[in-house]
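Have a look at target.pdb; it's PDB, C-alpha atoms, pLDDT in the B column:
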ATOM      1  CA  MET D   1      -3.237   0.781  -6.079  1.00 45.00           C
ATOM      2  CA  THR D   2      -2.733   3.179  -8.924  1.00 41.00           C
ATOM      3  CA  CYS D   3      -1.773   2.199 -12.434  1.00 41.00           C
ATOM      4  CA  CYS D   4       1.193   3.711 -14.237  1.00 44.00           C
ATOM      5  CA  ALA D   5       1.403   6.879 -12.196  1.00 45.00           C
ATOM      6  CA  PRO D   6       3.465   9.534 -13.969  1.00 45.00           C
ATOM      7  CA  LEU D   7       6.508  10.905 -12.216  1.00 44.00           C
ATOM      8  CA  GLY D   8       8.817  13.728 -13.173  1.00 43.00           C
ATOM      9  CA  PRO D   9      11.292  15.618 -11.008  1.00 43.00           C
ATOM     10  CA  PRO D  10      12.001  14.571  -7.388  1.00 42.00           C
ATOM     11  CA  CYS D  11       9.272  16.879  -6.011  1.00 60.00           C
ATOM     12  CA  ALA D  12       6.791  14.893  -8.121  1.00 78.00           C
ATOM     13  CA  LEU D  13       7.692  11.878  -5.988  1.00 86.00           C
ATOM     14  CA  ASP D  14       6.293  13.816  -3.017  1.00 89.00           C
ATOM     15  CA  SER D  15       3.057  14.338  -4.954  1.00 90.00           C
ATOM     16  CA  LEU D  16       2.862  10.703  -5.998  1.00 90.00           C
ATOM     17  CA  LEU D  17       3.364   9.487  -2.430  1.00 94.00           C
ATOM     18  CA  ALA D  18       0.902  12.037  -1.016  1.00 95.00           C
ATOM     19  CA  GLU D  19      -1.765  11.189  -3.596  1.00 95.00           C
ATOM     20  CA  HIS D  20      -1.522   7.419  -3.311  1.00 96.00           C
ATOM     21  CA  CYS D  21      -0.066   6.751   0.133  1.00 97.00           C
ATOM     22  CA  ALA D  22      -1.308   9.555   2.414  1.00 98.00           C
ATOM     23  CA  PRO D  23      -3.111   7.199   4.840  1.00 98.00           C
ATOM     24  CA  VAL D  24       0.139   5.269   5.400  1.00 98.00           C
ATOM     25  CA  LEU D  25       2.294   8.380   5.622  1.00 98.00           C
ATOM     26  CA  LEU D  26      -0.060   9.865   8.234  1.00 97.00           C
ATOM     27  CA  GLY D  27      -0.207   6.635  10.262  1.00 97.00           C
ATOM     28  CA  CYS D  28      -3.797   5.562   9.483  1.00 97.00           C
ATOM     29  CA  LYS D  29      -3.119   2.495   7.332  1.00 98.00           C
ATOM     30  CA  PRO D  30      -0.431  -0.220   7.314  1.00 98.00           C
ATOM     31  CA  ALA D  31       0.447  -0.136   3.596  1.00 98.00           C
ATOM     32  CA  ASN D  32      -0.340   1.165   0.125  1.00 98.00           C
ATOM     33  CA  LEU D  33       0.698  -0.094  -3.263  1.00 97.00           C
ATOM     34  CA  VAL D  34       1.602   2.123  -6.235  1.00 95.00           C
ATOM     35  CA  SER D  35       2.314   1.001  -9.788  1.00 93.00           C
ATOM     36  CA  VAL D  36       4.691   3.300 -11.678  1.00 92.00           C
ATOM     37  CA  CYS D  37       5.617   2.921 -15.353  1.00 88.00           C
ATOM     38  CA  ARG D  38       9.323   2.181 -15.681  1.00 89.00           C
ATOM     39  CA  ARG D  39       9.679   4.074 -18.943  1.00 87.00           C
ATOM     40  CA  ARG D  40       8.495   7.239 -17.200  1.00 82.00           C
ATOM     41  CA  VAL D  41      10.742   6.793 -14.159  1.00 83.00           C
ATOM     42  CA  PRO D  42      13.775   4.682 -14.965  1.00 86.00           C
ATOM     43  CA  ALA D  43      15.608   6.174 -11.949  1.00 89.00           C
ATOM     44  CA  LEU D  44      12.921   5.316  -9.385  1.00 92.00           C
ATOM     45  CA  PRO D  45      15.198   3.098  -7.234  1.00 92.00           C
ATOM     46  CA  GLY D  46      17.644   5.983  -6.827  1.00 91.00           C
ATOM     47  CA  LEU D  47      14.872   8.429  -5.955  1.00 91.00           C
ATOM     48  CA  LEU D  48      13.552   5.983  -3.367  1.00 93.00           C
ATOM     49  CA  ALA D  49      16.998   5.623  -1.789  1.00 92.00           C
ATOM     50  CA  GLY D  50      16.977   9.350  -1.040  1.00 90.00           C
ATOM     51  CA  CYS D  51      13.468   9.189   0.431  1.00 92.00           C
ATOM     52  CA  ARG D  52      14.327   6.226   2.650  1.00 94.00           C
ATOM     53  CA  ARG D  53      16.846   8.325   4.581  1.00 93.00           C
ATOM     54  CA  TRP D  54      14.144  10.596   5.954  1.00 93.00           C
ATOM     55  CA  LEU D  55      11.090   8.300   5.812  1.00 96.00           C
ATOM     56  CA  GLU D  56      12.514   5.389   7.805  1.00 96.00           C
ATOM     57  CA  PRO D  57      13.077   7.519  10.945  1.00 95.00           C
ATOM     58  CA  GLN D  58       9.364   8.392  10.630  1.00 95.00           C
ATOM     59  CA  GLY D  59       8.485   4.669  10.718  1.00 96.00           C
ATOM     60  CA  VAL D  60       7.774   4.363   6.979  1.00 98.00           C
ATOM     61  CA  ARG D  61       9.513   1.971   4.609  1.00 98.00           C
ATOM     62  CA  LEU D  62       9.582   1.759   0.828  1.00 97.00           C
ATOM     63  CA  ARG D  63       9.982  -1.537  -0.997  1.00 97.00           C
ATOM     64  CA  LEU D  64       9.857  -2.420  -4.669  1.00 96.00           C
ATOM     65  CA  LEU D  65       7.762  -5.589  -4.598  1.00 95.00           C
ATOM     66  CA  CYS D  66       7.897  -6.184  -8.315  1.00 90.00           C
ATOM     67  CA  THR D  67      10.275  -4.908 -10.941  1.00 88.00           C
ATOM     68  CA  CYS D  68       8.513  -6.170 -14.010  1.00 85.00           C
ATOM     69  CA  ARG D  69       9.627  -5.097 -17.461  1.00 86.00           C
ATOM     70  CA  GLU D  70       7.006  -2.373 -17.761  1.00 91.00           C
ATOM     71  CA  ARG D  71       6.365  -1.186 -14.214  1.00 93.00           C
ATOM     72  CA  TRP D  72       7.604  -0.783 -10.701  1.00 93.00           C
ATOM     73  CA  LEU D  73       5.264  -2.017  -7.982  1.00 95.00           C
ATOM     74  CA  LEU D  74       6.088   0.049  -4.898  1.00 97.00           C
ATOM     75  CA  LEU D  75       4.889  -0.845  -1.414  1.00 98.00           C
ATOM     76  CA  VAL D  76       4.874   2.003   1.104  1.00 98.00           C
ATOM     77  CA  TYR D  77       4.360   0.582   4.583  1.00 98.00           C
ATOM     78  CA  ARG D  78       4.665   0.989   8.329  1.00 98.00           C
ATOM     79  CA  PRO D  79       6.276  -2.228   9.632  1.00 98.00           C
ATOM     80  CA  ALA D  80       4.732  -2.095  13.116  1.00 97.00           C
ATOM     81  CA  MET D  81       1.205  -1.507  11.789  1.00 98.00           C
ATOM     82  CA  LEU D  82       1.671  -4.118   9.096  1.00 98.00           C
ATOM     83  CA  ALA D  83       2.831  -6.692  11.650  1.00 97.00           C
ATOM     84  CA  ARG D  84      -0.341  -6.094  13.683  1.00 96.00           C
ATOM     85  CA  ALA D  85      -2.552  -6.329  10.576  1.00 97.00           C
ATOM     86  CA  LEU D  86      -0.973  -9.613   9.476  1.00 97.00           C
ATOM     87  CA  HIS D  87      -1.284 -11.166  12.936  1.00 94.00           C
ATOM     88  CA  ARG D  88      -5.014 -10.549  13.328  1.00 91.00           C
ATOM     89  CA  PRO D  89      -6.730 -13.924  13.722  1.00 83.00           C
ATOM     90  CA  GLY D  90      -8.583 -13.871  10.383  1.00 93.00           C
ATOM     91  CA  ALA D  91      -5.593 -12.550   8.453  1.00 96.00           C
ATOM     92  CA  ALA D  92      -3.119 -14.963  10.018  1.00 93.00           C
ATOM     93  CA  GLY D  93      -5.247 -17.969   9.073  1.00 94.00           C
ATOM     94  CA  LEU D  94      -5.733 -16.824   5.481  1.00 96.00           C
ATOM     95  CA  LEU D  95      -2.028 -16.194   5.067  1.00 96.00           C
ATOM     96  CA  ARG D  96      -1.161 -19.587   6.538  1.00 95.00           C
ATOM     97  CA  ARG D  97      -3.556 -21.326   4.123  1.00 94.00           C
ATOM     98  CA  ALA D  98      -2.016 -19.385   1.204  1.00 95.00           C
ATOM     99  CA  GLY D  99       1.434 -20.698   2.155  1.00 95.00           C
ATOM    100  CA  CYS D 100       2.821 -17.487   3.602  1.00 96.00           C
ATOM    101  CA  PRO D 101       5.517 -18.068   6.232  1.00 95.00           C
ATOM    102  CA  GLU D 102       4.822 -17.094   9.801  1.00 91.00           C
ATOM    103  CA  GLY D 103       7.048 -14.647  11.566  1.00 87.00           C
ATOM    104  CA  GLY D 104       8.080 -11.103  10.865  1.00 93.00           C
ATOM    105  CA  VAL D 105       6.997  -8.650   8.219  1.00 97.00           C
ATOM    106  CA  GLU D 106      10.061  -8.925   5.960  1.00 97.00           C
ATOM    107  CA  PRO D 107       9.877 -12.712   5.371  1.00 97.00           C
ATOM    108  CA  ARG D 108       6.199 -12.289   4.555  1.00 97.00           C
ATOM    109  CA  LEU D 109       6.973  -9.481   2.122  1.00 98.00           C
ATOM    110  CA  ASP D 110       9.674 -11.677   0.561  1.00 97.00           C
ATOM    111  CA  TRP D 111       7.013 -14.366   0.076  1.00 97.00           C
ATOM    112  CA  LEU D 112       4.572 -11.858  -1.445  1.00 97.00           C
ATOM    113  CA  ALA D 113       7.252 -10.502  -3.798  1.00 96.00           C
ATOM    114  CA  GLY D 114       8.047 -14.062  -4.845  1.00 96.00           C
ATOM    115  CA  ARG D 115       4.393 -14.781  -5.587  1.00 95.00           C
ATOM    116  CA  LEU D 116       4.136 -11.627  -7.708  1.00 93.00           C
ATOM    117  CA  ALA D 117       7.353 -12.417  -9.573  1.00 91.00           C
ATOM    118  CA  ALA D 118       6.263 -15.992 -10.286  1.00 92.00           C
ATOM    119  CA  GLY D 119       3.220 -14.816 -12.222  1.00 87.00           C
ATOM    120  CA  GLY D 120       0.239 -17.101 -12.402  1.00 86.00           C
ATOM    121  CA  GLU D 121      -2.779 -16.445 -10.233  1.00 87.00           C
ATOM    122  CA  PHE D 122      -2.667 -13.064  -8.524  1.00 90.00           C
ATOM    123  CA  PRO D 123      -2.239 -13.395  -4.738  1.00 94.00           C
ATOM    124  CA  HIS D 124      -5.443 -11.731  -3.531  1.00 95.00           C
ATOM    125  CA  VAL D 125      -4.213 -12.077   0.044  1.00 96.00           C
ATOM    126  CA  ILE D 126      -2.279  -8.917  -0.842  1.00 97.00           C
ATOM    127  CA  GLY D 127      -5.365  -7.144   0.495  1.00 97.00           C
ATOM    128  CA  LEU D 128      -4.382  -8.271   3.993  1.00 98.00           C
ATOM    129  CA  PHE D 129      -1.026  -6.507   3.562  1.00 98.00           C
ATOM    130  CA  LEU D 130      -2.951  -3.360   2.598  1.00 98.00           C
ATOM    131  CA  GLY D 131      -5.050  -3.529   5.760  1.00 97.00           C
ATOM    132  CA  TYR D 132      -8.283  -4.778   4.205  1.00 97.00           C
ATOM    133  CA  PRO D 133     -10.524  -6.791   6.549  1.00 97.00           C
ATOM    134  CA  ALA D 134     -10.077 -10.549   6.208  1.00 97.00           C
ATOM    135  CA  GLY D 135     -13.821 -10.988   5.628  1.00 97.00           C
ATOM    136  CA  ASP D 136     -13.647  -8.691   2.627  1.00 98.00           C
ATOM    137  CA  VAL D 137     -10.638 -10.537   1.188  1.00 97.00           C
ATOM    138  CA  ILE D 138     -12.534 -13.817   1.617  1.00 97.00           C
ATOM    139  CA  GLY D 139     -15.656 -12.278   0.040  1.00 97.00           C
ATOM    140  CA  PHE D 140     -13.657 -11.029  -2.933  1.00 97.00           C
ATOM    141  CA  CYS D 141     -12.030 -14.413  -3.486  1.00 95.00           C
ATOM    142  CA  ARG D 142     -15.302 -16.334  -3.171  1.00 95.00           C
ATOM    143  CA  SER D 143     -17.262 -14.052  -5.506  1.00 96.00           C
ATOM    144  CA  GLY D 144     -14.519 -13.299  -7.997  1.00 94.00           C
ATOM    145  CA  GLY D 145     -14.889  -9.619  -7.157  1.00 94.00           C
ATOM    146  CA  ARG D 146     -18.609  -9.529  -7.916  1.00 97.00           C
ATOM    147  CA  ASP D 147     -21.605  -8.648  -5.749  1.00 97.00           C
ATOM    148  CA  CYS D 148     -19.808  -6.453  -3.225  1.00 97.00           C
ATOM    149  CA  ARG D 149     -21.885  -4.274  -0.924  1.00 98.00           C
ATOM    150  CA  LEU D 150     -19.667  -1.201  -1.376  1.00 98.00           C
ATOM    151  CA  CYS D 151     -16.753  -0.357  -3.639  1.00 97.00           C
ATOM    152  CA  GLY D 152     -14.133   2.185  -2.630  1.00 97.00           C
ATOM    153  CA  TYR D 153     -10.537   1.654  -1.595  1.00 97.00           C
ATOM    154  CA  TRP D 154     -11.401  -2.037  -1.691  1.00 98.00           C
ATOM    155  CA  LYS D 155     -14.521  -4.108  -2.379  1.00 98.00           C
ATOM    156  CA  VAL D 156     -16.531  -4.464   0.818  1.00 98.00           C
ATOM    157  CA  TYR D 157     -18.456  -7.630   1.613  1.00 98.00           C
ATOM    158  CA  THR D 158     -18.766  -7.341   5.401  1.00 97.00           C
ATOM    159  CA  ASP D 159     -19.029  -4.187   7.545  1.00 97.00           C
ATOM    160  CA  VAL D 160     -20.144  -1.385   5.196  1.00 98.00           C
ATOM    161  CA  ASP D 161     -20.423   1.263   7.919  1.00 98.00           C
ATOM    162  CA  ARG D 162     -16.893   0.639   9.163  1.00 98.00           C
ATOM    163  CA  ALA D 163     -15.567   0.661   5.596  1.00 98.00           C
ATOM    164  CA  ARG D 164     -17.293   3.987   4.864  1.00 98.00           C
ATOM    165  CA  ARG D 165     -15.627   5.512   7.928  1.00 98.00           C
ATOM    166  CA  ARG D 166     -12.233   4.197   6.771  1.00 98.00           C
ATOM    167  CA  PHE D 167     -12.781   5.517   3.240  1.00 98.00           C
ATOM    168  CA  THR D 168     -13.629   8.960   4.642  1.00 98.00           C
ATOM    169  CA  LEU D 169     -10.539   8.891   6.853  1.00 98.00           C
ATOM    170  CA  TYR D 170      -8.345   7.941   3.879  1.00 98.00           C
ATOM    171  CA  ASP D 171      -9.895  10.700   1.747  1.00 98.00           C
ATOM    172  CA  ASP D 172      -9.216  13.203   4.540  1.00 98.00           C
ATOM    173  CA  CYS D 173      -5.580  12.062   4.787  1.00 98.00           C
ATOM    174  CA  ARG D 174      -5.116  12.550   1.058  1.00 98.00           C
ATOM    175  CA  ALA D 175      -6.784  15.964   1.076  1.00 98.00           C
ATOM    176  CA  ARG D 176      -4.644  17.186   3.997  1.00 97.00           C
ATOM    177  CA  LEU D 177      -1.356  15.981   2.586  1.00 97.00           C
ATOM    178  CA  CYS D 178      -1.999  16.994  -1.023  1.00 96.00           C
ATOM    179  CA  GLY D 179      -3.329  20.358   0.173  1.00 96.00           C
ATOM    180  CA  ALA D 180      -0.157  20.979   2.169  1.00 95.00           C
ATOM    181  CA  LEU D 181       1.998  20.184  -0.858  1.00 95.00           C
ATOM    182  CA  ALA D 182      -0.144  22.397  -3.100  1.00 94.00           C
ATOM    183  CA  GLY D 183       0.437  25.175  -0.569  1.00 94.00           C
ATOM    184  CA  GLY D 184       4.205  24.883  -0.997  1.00 93.00           C
ATOM    185  CA  ASP D 185       5.109  22.461   1.781  1.00 93.00           C
ATOM    186  CA  THR D 186       7.270  19.392   1.159  1.00 93.00           C
ATOM    187  CA  LEU D 187       6.479  15.877   2.240  1.00 94.00           C
ATOM    188  CA  ARG D 188       9.648  15.742   4.303  1.00 92.00           C
ATOM    189  CA  ARG D 189       8.789  18.890   6.290  1.00 93.00           C
ATOM    190  CA  ARG D 190       5.162  17.865   6.651  1.00 91.00           C
ATOM    191  CA  LEU D 191       5.947  14.430   8.079  1.00 90.00           C
ATOM    192  CA  ALA D 192       8.734  15.670  10.359  1.00 86.00           C
ATOM    193  CA  GLY D 193       6.484  18.368  11.849  1.00 69.00           C
TER     194      GLY D 193
END

The structure given in the file should be rewritten as structure tokens.
Amino acid sequence: MTCCAPLGPPCALDSLLAEHCAPVLLGCKPANLVSVCRRRVPALPGLLAGCRRWLEPQGVRLRLLCTCRERWLLLVYRPAMLARALHRPGAAGLLRRAGCPEGGVEPRLDWLAGRLAAGGEFPHVIGLFLGYPAGDVIGFCRSGGRDCRLCGYWKVYTDVDRARRRFTLYDDCRARLCGALAGGDTLRRRLAG
């Protein structure tokens, strides 16, 4: 997740999505979360509406999970991949114990949005929605985020070698997509091709 990402003209939305959501956009990860300052992008919902028209046919959805006073919390996700991630045995059990409803992706996202809106203790099971291994979510919760074995896209408590491979893959996705945009391509053309 990124904090208060700046955003200017519509083409900057391409850059923001490429920088922070490339693994999802390229089909390597179920979801990414981006925090955008509302004062910098008061028209974000309208910009997202335009993007939805060409992203949804590519299997990517955009959802504002939280519309707090100061920021937008945007989830970029692939519903089919997210459904698989949330139904893995370890993830499903953690979600059940946290009170998340069983069933499809959207009711679970509704639950997550409700938890975020309610305030209080942050729902660390959000890591499961982002594709983090259940063992690492458990490790984070048990240790309070301390004593991890590796820190990258998430704090790793279990399989360091697998996590390193995922981190490299995610870095490669970002480099490819951001490089294409820097070379004059658009996100829409890049994902359609």

So which residues get picked by the PyMOL selection byres ((chain D and resi 58-62) around 9) here, written as a tab-separated table (two decimals) with C-alpha atoms, in the frame of the given file?
chain	number	residue	atom	x	y	z
D	24	VAL	CA	0.14	5.27	5.40
D	25	LEU	CA	2.29	8.38	5.62
D	27	GLY	CA	-0.21	6.64	10.26
D	48	LEU	CA	13.55	5.98	-3.37
D	49	ALA	CA	17.00	5.62	-1.79
D	51	CYS	CA	13.47	9.19	0.43
D	52	ARG	CA	14.33	6.23	2.65
D	54	TRP	CA	14.14	10.60	5.95
D	55	LEU	CA	11.09	8.30	5.81
D	56	GLU	CA	12.51	5.39	7.80
D	57	PRO	CA	13.08	7.52	10.94
D	63	ARG	CA	9.98	-1.54	-1.00
D	64	LEU	CA	9.86	-2.42	-4.67
D	74	LEU	CA	6.09	0.05	-4.90
D	75	LEU	CA	4.89	-0.84	-1.41
D	76	VAL	CA	4.87	2.00	1.10
D	77	TYR	CA	4.36	0.58	4.58
D	78	ARG	CA	4.66	0.99	8.33
D	79	PRO	CA	6.28	-2.23	9.63
D	80	ALA	CA	4.73	-2.10	13.12
D	191	LEU	CA	5.95	14.43	8.08
D	192	ALA	CA	8.73	15.67	10.36

If we count all atoms listed in the file, what is near segment 89-92 of chain D at a cut-off of 10 Å, once residues fewer than 6 positions away on the same chain are taken out, given as a list in words?
Ala98, Cys100, Pro101, Glu102, Val125, Gly127, Leu128, Phe129, Gly131, Tyr132, Pro133, Ala134, Gly135, Val137 and Ile138 of chain D

List the residues selected by the PyMOL selection byres ((chain D and resi 23) around 12) in the file shown, writing them as number ranges by chain.
D: 17-22, 24-33, 60, 76-78, 81, 130-131, 153, 166-178

On this file, the PyMOL selection byres ((chain D and resi 111-115) around 10) gives some set of residues; write that set as a list in words.
Arg63, Leu64, Leu65, Cys66, Thr67, Leu73, Gly99, Cys100, Pro101, Val105, Glu106, Pro107, Arg108, Leu109, Asp110, Leu116, Ala117, Ala118, Gly119, Gly120, Glu121, Phe122, Pro123, Val125, Ile126 and Phe129 of chain D

Å distance separating atom CA of Cys141 of chain D from atom CA of His124 of chain D, one decimal place:
7.1 Å

Close residues, Arg149 of chain D itself excluded, 9 Å, only C-alpha atoms, min 3 positions apart in chain, as a ChimeraX atom specification
/D:155-160

Given 8 Å on each side, where is the centre and what are the edge lengths in Å to one decimal of the axis-aligned box enclosing the listed atoms of segment 110-117 of chain D, as lines of an AutoDock Vina configuration file?
center_x = 6.9
center_y = -12.6
center_z = -4.5
size_x = 21.5
size_y = 20.3
size_z = 26.1

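Minimum distance to Ala83 of chain D across D:Arg69, D:Gly152, D:Val34, D:Gly103 (counting all atoms listed in the file) occurs at D:Gly103.
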
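As for atom CA of Arg38 of chain D and atom CA of Thr186 of chain D, they are spaced 24.2 Å apart.
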
Suppose you want the space between atom CA of Pro45 of chain D and atom CA of Leu16 of chain D; what is it in Å?
14.5 Å
